[in-house]
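A.B. asks: Before I ask anything, here is the structure I am working with.
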Amino acid sequence: MLDDDPSVLKGLARLFSSADTPAETFTDPEEFLRYARTHRPAVALVDVCMPQMSGLEVQSQLRDISPSTRVIIFTGKDDPLVRSAALNAGASAFFTKPFDDEELLTAVRLALASVDENLLPKP
């Protein structure tokens with residue numbers, strides 16, 4: 001999970017912990033991308049508005065670093081152009097804060113399932 005707001009990350013970490021879903025948290029996009037280079041996360045939750053780098057830039061770089069990572073974008077400002085750009089660039093889902101916890105967990109589970117499906121051998 002990547003967001004420049006530590007309180008958002010704390011809340012998300014609590015949510016994922018309660019759902020028995022391990023999650024790493026990052027406030028710095030560069031640190032997150034370094035982590036992604038070596039760990040290839042299955043799913044990444046990325047905030048759009050951050051001071052160092054936008055979530056769409058992170059999404060673009062992540063696609064090159066770890067093409068199998070499913071990206072879920074979230075933002076505090078729902079802009080149809082940003083939503084469209086994120087989804088057209090391959091985001092699995094797009095949420096506006098505050099979001100429904102169950103909807104977010106469902107989106108993460110669906111993204112994880114699609115990663116798992118892609119790892120299965122083709123008949």
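Convention: chains lettered A, B, ... in structure tokens order; per-chain residue numbering from 1; ligands numbered from 1 as shown.
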Could you list, as a list in words, every residue within 12 Å of Asp64 of chain A, counting only C-alpha atoms and ignoring same-chain residues fewer than 5 positions away?

C.D. replies: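 Once the adjacent positions are removed, what remains is Leu33, Ala36, Arg37, Arg40, Glu57, Val58, Gln59, Thr69 and Ala89 of chain A.
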
A.B. asks: Using N, CA and C atoms, can you export the residues from the last selection as a compact mmCIF listing (two decimals), in the first residue's frame?

C.D. replies:
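This is the output file result00.txt:
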# COMPACT_ATOMS: atom_id res chain seq x y z
N LEU A 33 8.74 1.51 -5.02
CA LEU A 33 9.20 0.95 -6.30
C LEU A 33 10.46 0.11 -6.12
N ALA A 36 9.20 -3.12 -4.84
CA ALA A 36 8.53 -3.86 -5.91
C ALA A 36 9.54 -4.56 -6.83
N ARG A 37 10.70 -3.94 -7.03
CA ARG A 37 11.71 -4.53 -7.90
C ARG A 37 12.17 -5.90 -7.38
N ARG A 40 8.13 -8.08 -6.07
CA ARG A 40 7.05 -8.31 -7.04
C ARG A 40 5.71 -8.56 -6.35
N GLU A 57 1.93 7.82 -12.14
CA GLU A 57 3.34 7.61 -12.49
C GLU A 57 3.85 6.32 -11.85
N VAL A 58 3.47 6.10 -10.60
CA VAL A 58 3.87 4.87 -9.92
C VAL A 58 3.30 3.66 -10.67
N GLN A 59 2.03 3.76 -11.05
CA GLN A 59 1.39 2.67 -11.79
C GLN A 59 2.16 2.37 -13.08
N THR A 69 1.91 -7.53 -11.26
CA THR A 69 1.28 -6.87 -10.11
C THR A 69 -0.02 -6.22 -10.54
N ALA A 89 -4.88 2.26 -18.13
CA ALA A 89 -3.50 1.82 -17.94
C ALA A 89 -3.44 0.45 -17.24

A.B. asks: Contacts between segment 19-26 of chain A and segment 37-118 of chain A, please, where a residue of segment 37-118 of chain A counts if it comes within 10 Å (with only C-alpha atoms); show its shortest atom pair and distance in Å to one decimal, rows by chain and ascending number, as JSON lines.

C.D. replies:
{"residue": "A:Pro41", "atom": "CA", "partner": "A:Glu24", "partner_atom": "CA", "distance": 9.4}
{"residue": "A:Val43", "atom": "CA", "partner": "A:Ala23", "partner_atom": "CA", "distance": 9.4}
{"residue": "A:Ala44", "atom": "CA", "partner": "A:Ala23", "partner_atom": "CA", "distance": 9.2}
{"residue": "A:Leu45", "atom": "CA", "partner": "A:Thr25", "partner_atom": "CA", "distance": 9.4}
{"residue": "A:Val46", "atom": "CA", "partner": "A:Phe26", "partner_atom": "CA", "distance": 9.6}
{"residue": "A:Glu102", "atom": "CA", "partner": "A:Ala19", "partner_atom": "CA", "distance": 9.9}
{"residue": "A:Leu105", "atom": "CA", "partner": "A:Ala19", "partner_atom": "CA", "distance": 8.0}
{"residue": "A:Val108", "atom": "CA", "partner": "A:Thr21", "partner_atom": "CA", "distance": 9.5}
{"residue": "A:Arg109", "atom": "CA", "partner": "A:Thr21", "partner_atom": "CA", "distance": 9.5}

A.B. asks: Mind dumping the selected residues with N, CA and C atoms as a compact mmCIF listing (two decimals), in the first residue's frame?

C.D. replies:
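What follows is the written file again-v2.txt:
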# COMPACT_ATOMS: atom_id res chain seq x y z
N PRO A 41 5.14 -7.54 -5.71
CA PRO A 41 3.88 -7.74 -4.98
C PRO A 41 2.75 -8.19 -5.92
N VAL A 43 -0.48 -7.57 -5.46
CA VAL A 43 -1.43 -6.46 -5.59
C VAL A 43 -0.82 -5.22 -4.93
N ALA A 44 -1.03 -4.07 -5.55
CA ALA A 44 -0.56 -2.80 -4.98
C ALA A 44 -1.73 -1.83 -4.92
N LEU A 45 -1.95 -1.26 -3.74
CA LEU A 45 -2.93 -0.17 -3.58
C LEU A 45 -2.14 1.12 -3.62
N VAL A 46 -2.50 2.02 -4.52
CA VAL A 46 -1.71 3.22 -4.74
C VAL A 46 -2.61 4.45 -4.74
N GLU A 102 -15.48 -3.35 2.79
CA GLU A 102 -15.78 -4.64 2.16
C GLU A 102 -15.58 -4.59 0.64
N LEU A 105 -11.81 -4.79 0.12
CA LEU A 105 -11.33 -6.16 0.34
C LEU A 105 -11.75 -7.09 -0.81
N VAL A 108 -9.49 -6.43 -3.74
CA VAL A 108 -8.17 -7.03 -3.51
C VAL A 108 -8.24 -8.54 -3.74
N ARG A 109 -9.27 -9.18 -3.21
CA ARG A 109 -9.42 -10.63 -3.40
C ARG A 109 -9.55 -10.98 -4.89

A.B. asks: Which of chain A counts as strand (DSSP E) under DSSP, as a list in words please?

C.D. replies: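 Taking chain A and keeping strand (DSSP E) gives Val43, Ala44, Leu45, Val46, Asp47, Arg70, Val71, Ile72, Ile73, Phe74, Thr75, Ala93, Phe94, Phe95 and Thr96 of chain A.
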
A.B. asks: Using only C-alpha atoms, which residues sit within 10 Å of Pro98 of chain A once same-chain residues fewer than 6 positions away are excluded, as a PyMOL selection string?

C.D. replies: chain A and resi 8+74-76

A.B. asks: So what do you get for atom CA of Gly55 of chain A versus atom CA of His39 of chain A, distance-wise?

C.D. replies: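 If I compute the distance from atom CA of Gly55 of chain A to atom CA of His39 of chain A, I get 19.0 Å.
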
A.B. asks: Do a neighbour search on Ala107 of chain A at 9 Å with only C-alpha atoms, toss out local chain neighbours closer than 6 positions, and write the hits as a VMD selection string.

C.D. replies: chain A and resid 72 92 to 93

A.B. asks: Atoms to include: C-alpha atoms. Write the selected residues as a PDB file, in the first residue's frame.

C.D. replies:
ATOM      1  CA  ILE A  72      -5.795  -0.730  -7.327  1.00  0.00           C
ATOM      2  CA  SER A  92      -7.914  -3.528 -11.503  1.00  0.00           C
ATOM      3  CA  ALA A  93     -10.114  -1.079  -9.597  1.00  0.00           C
TER       4      ALA A  93
END

A.B. asks: Which of these, A:Ile65, A:Glu103, A:Arg70, A:Leu56, has the shortest distance to Ala85 of chain A once you count only C-alpha atoms?

C.D. replies: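 Of all the options, A:Leu56 lies closest to Ala85 of chain A.
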
A.B. asks: Please identify all polymer residues within 10 Å of Thr27 of chain A, counting only C-alpha atoms, omitting same-chain residues fewer than 5 positions from it, and present them as an NGL selection string.

C.D. replies: :A and (1-6 or 9 or 32 or 47 or 50 or 52)

A.B. asks: Now that the selection is made, can you save its residues with all heavy atoms as a PDB file, in the first residue's frame?

C.D. replies:
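Result file again.pdb:
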ATOM      1  N   MET A   1       0.842  -1.167   0.000  1.00  0.00           N
ATOM      2  CA  MET A   1       0.000   0.000   0.000  1.00  0.00           C
ATOM      3  C   MET A   1       0.888   1.232   0.000  1.00  0.00           C
ATOM      4  O   MET A   1       1.873   1.273   0.720  1.00  0.00           O
ATOM      5  CB  MET A   1      -0.873   0.013   1.247  1.00  0.00           C
ATOM      6  CG  MET A   1      -1.874  -1.124   1.280  1.00  0.00           C
ATOM      7  SD  MET A   1      -2.870  -1.102   2.778  1.00  0.00           S
ATOM      8  CE  MET A   1      -1.695  -1.708   3.948  1.00  0.00           C
ATOM      9  N   LEU A   2       0.519   2.187  -0.809  1.00  0.00           N
ATOM     10  CA  LEU A   2       1.307   3.407  -0.946  1.00  0.00           C
ATOM     11  C   LEU A   2       0.394   4.623  -0.829  1.00  0.00           C
ATOM     12  O   LEU A   2      -0.544   4.782  -1.620  1.00  0.00           O
ATOM     13  CB  LEU A   2       2.026   3.417  -2.296  1.00  0.00           C
ATOM     14  CG  LEU A   2       2.753   4.693  -2.690  1.00  0.00           C
ATOM     15  CD1 LEU A   2       3.883   5.017  -1.718  1.00  0.00           C
ATOM     16  CD2 LEU A   2       3.292   4.566  -4.116  1.00  0.00           C
ATOM     17  N   ASP A   3       0.656   5.436   0.188  1.00  0.00           N
ATOM     18  CA  ASP A   3      -0.077   6.689   0.392  1.00  0.00           C
ATOM     19  C   ASP A   3       0.828   7.591   1.211  1.00  0.00           C
ATOM     20  O   ASP A   3       1.510   7.116   2.122  1.00  0.00           O
ATOM     21  CB  ASP A   3      -1.393   6.417   1.141  1.00  0.00           C
ATOM     22  CG  ASP A   3      -2.331   7.622   1.146  1.00  0.00           C
ATOM     23  OD1 ASP A   3      -1.848   8.777   1.222  1.00  0.00           O
ATOM     24  OD2 ASP A   3      -3.545   7.422   1.092  1.00  0.00           O
ATOM     25  N   ASP A   4       0.845   8.876   0.906  1.00  0.00           N
ATOM     26  CA  ASP A   4       1.694   9.795   1.662  1.00  0.00           C
ATOM     27  C   ASP A   4       1.094  10.146   3.020  1.00  0.00           C
ATOM     28  O   ASP A   4       1.748  10.783   3.829  1.00  0.00           O
ATOM     29  CB  ASP A   4       1.983  11.060   0.852  1.00  0.00           C
ATOM     30  CG  ASP A   4       0.723  11.840   0.510  1.00  0.00           C
ATOM     31  OD1 ASP A   4      -0.258  11.195   0.068  1.00  0.00           O
ATOM     32  OD2 ASP A   4       0.714  13.065   0.660  1.00  0.00           O
ATOM     33  N   ASP A   5      -0.124   9.700   3.312  1.00  0.00           N
ATOM     34  CA  ASP A   5      -0.787   9.986   4.581  1.00  0.00           C
ATOM     35  C   ASP A   5      -0.666   8.770   5.513  1.00  0.00           C
ATOM     36  O   ASP A   5      -1.343   7.758   5.297  1.00  0.00           O
ATOM     37  CB  ASP A   5      -2.259  10.312   4.334  1.00  0.00           C
ATOM     38  CG  ASP A   5      -3.004  10.716   5.593  1.00  0.00           C
ATOM     39  OD1 ASP A   5      -2.522  10.425   6.710  1.00  0.00           O
ATOM     40  OD2 ASP A   5      -4.081  11.320   5.455  1.00  0.00           O
ATOM     41  N   PRO A   6       0.182   8.862   6.548  1.00  0.00           N
ATOM     42  CA  PRO A   6       0.379   7.724   7.454  1.00  0.00           C
ATOM     43  C   PRO A   6      -0.911   7.249   8.131  1.00  0.00           C
ATOM     44  O   PRO A   6      -1.061   6.065   8.403  1.00  0.00           O
ATOM     45  CB  PRO A   6       1.377   8.251   8.493  1.00  0.00           C
ATOM     46  CG  PRO A   6       2.057   9.402   7.832  1.00  0.00           C
ATOM     47  CD  PRO A   6       1.043   9.990   6.898  1.00  0.00           C
ATOM     48  N   LEU A   9      -2.660   4.868   5.819  1.00  0.00           N
ATOM     49  CA  LEU A   9      -1.945   3.583   5.805  1.00  0.00           C
ATOM     50  C   LEU A   9      -2.222   2.784   7.073  1.00  0.00           C
ATOM     51  O   LEU A   9      -2.400   1.564   7.020  1.00  0.00           O
ATOM     52  CB  LEU A   9      -0.445   3.813   5.644  1.00  0.00           C
ATOM     53  CG  LEU A   9       0.003   4.307   4.281  1.00  0.00           C
ATOM     54  CD1 LEU A   9       1.498   4.587   4.290  1.00  0.00           C
ATOM     55  CD2 LEU A   9      -0.346   3.302   3.191  1.00  0.00           C
ATOM     56  N   PHE A  32       8.749   2.414  -2.328  1.00  0.00           N
ATOM     57  CA  PHE A  32       7.821   1.371  -2.762  1.00  0.00           C
ATOM     58  C   PHE A  32       8.306   0.712  -4.052  1.00  0.00           C
ATOM     59  O   PHE A  32       8.295  -0.518  -4.182  1.00  0.00           O
ATOM     60  CB  PHE A  32       6.413   1.938  -2.960  1.00  0.00           C
ATOM     61  CG  PHE A  32       5.508   0.986  -3.678  1.00  0.00           C
ATOM     62  CD1 PHE A  32       5.014  -0.141  -3.027  1.00  0.00           C
ATOM     63  CD2 PHE A  32       5.182   1.190  -5.004  1.00  0.00           C
ATOM     64  CE1 PHE A  32       4.208  -1.049  -3.703  1.00  0.00           C
ATOM     65  CE2 PHE A  32       4.376   0.296  -5.689  1.00  0.00           C
ATOM     66  CZ  PHE A  32       3.883  -0.827  -5.034  1.00  0.00           C
ATOM     67  N   ASP A  47      -2.249   5.438  -3.913  1.00  0.00           N
ATOM     68  CA  ASP A  47      -2.967   6.714  -3.881  1.00  0.00           C
ATOM     69  C   ASP A  47      -2.539   7.556  -5.085  1.00  0.00           C
ATOM     70  O   ASP A  47      -1.390   7.493  -5.522  1.00  0.00           O
ATOM     71  CB  ASP A  47      -2.634   7.454  -2.585  1.00  0.00           C
ATOM     72  CG  ASP A  47      -3.421   8.750  -2.426  1.00  0.00           C
ATOM     73  OD1 ASP A  47      -4.535   8.847  -2.973  1.00  0.00           O
ATOM     74  OD2 ASP A  47      -2.920   9.661  -1.752  1.00  0.00           O
ATOM     75  N   MET A  50       0.169  12.368  -4.393  1.00  0.00           N
ATOM     76  CA  MET A  50       1.310  12.343  -3.480  1.00  0.00           C
ATOM     77  C   MET A  50       2.285  13.413  -3.949  1.00  0.00           C
ATOM     78  O   MET A  50       2.375  13.685  -5.147  1.00  0.00           O
ATOM     79  CB  MET A  50       1.975  10.965  -3.492  1.00  0.00           C
ATOM     80  CG  MET A  50       1.083   9.867  -2.934  1.00  0.00           C
ATOM     81  SD  MET A  50       1.856   8.257  -2.989  1.00  0.00           S
ATOM     82  CE  MET A  50       1.774   7.908  -4.752  1.00  0.00           C
ATOM     83  N   GLN A  52       5.667  13.575  -4.076  1.00  0.00           N
ATOM     84  CA  GLN A  52       6.880  13.230  -4.824  1.00  0.00           C
ATOM     85  C   GLN A  52       6.586  12.719  -6.238  1.00  0.00           C
ATOM     86  O   GLN A  52       7.326  12.989  -7.172  1.00  0.00           O
ATOM     87  CB  GLN A  52       7.690  12.141  -4.097  1.00  0.00           C
ATOM     88  CG  GLN A  52       7.971  12.407  -2.650  1.00  0.00           C
ATOM     89  CD  GLN A  52       6.943  11.742  -1.733  1.00  0.00           C
ATOM     90  OE1 GLN A  52       5.764  11.672  -2.032  1.00  0.00           O
ATOM     91  NE2 GLN A  52       7.414  11.285  -0.596  1.00  0.00           N
TER      92      GLN A  52
END

A.B. asks: Could you check which of A:Asp78, A:Tyr35, A:Met53, A:Phe94 is closest to Ser66 of chain A, using only C-alpha atoms?

C.D. replies: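 Selected residue with least distance to Ser66 of chain A: A:Tyr35.
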
A.B. asks: Which value, in Å to one decimal, gives the distance between atom CA of Ala111 of chain A and atom CA of Ser68 of chain A?

C.D. replies: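 Taking atom CA of Ala111 of chain A as the start and atom CA of Ser68 of chain A as the end point, the length is 10.5 Å.
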
A.B. asks: Out of segment 23-106 of chain A, which residues get helix (DSSP H, G or I) from DSSP, as a PyMOL selection string?

C.D. replies: chain A and resi 29-39+55-65+80-88+101-106

A.B. asks: Distance atom CA of Glu30 of chain A-atom CA of Ala42 of chain A, one decimal place?

C.D. replies: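 A separation of 18.1 Å between them.
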
A.B. asks: Counting only C-alpha atoms, figure out which residue out of A:Lys97, A:Lys10, A:Arg63, A:Asn88 gets nearest to Cys49 of chain A.

C.D. replies: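 Selected residue with least distance to Cys49 of chain A: A:Lys97.
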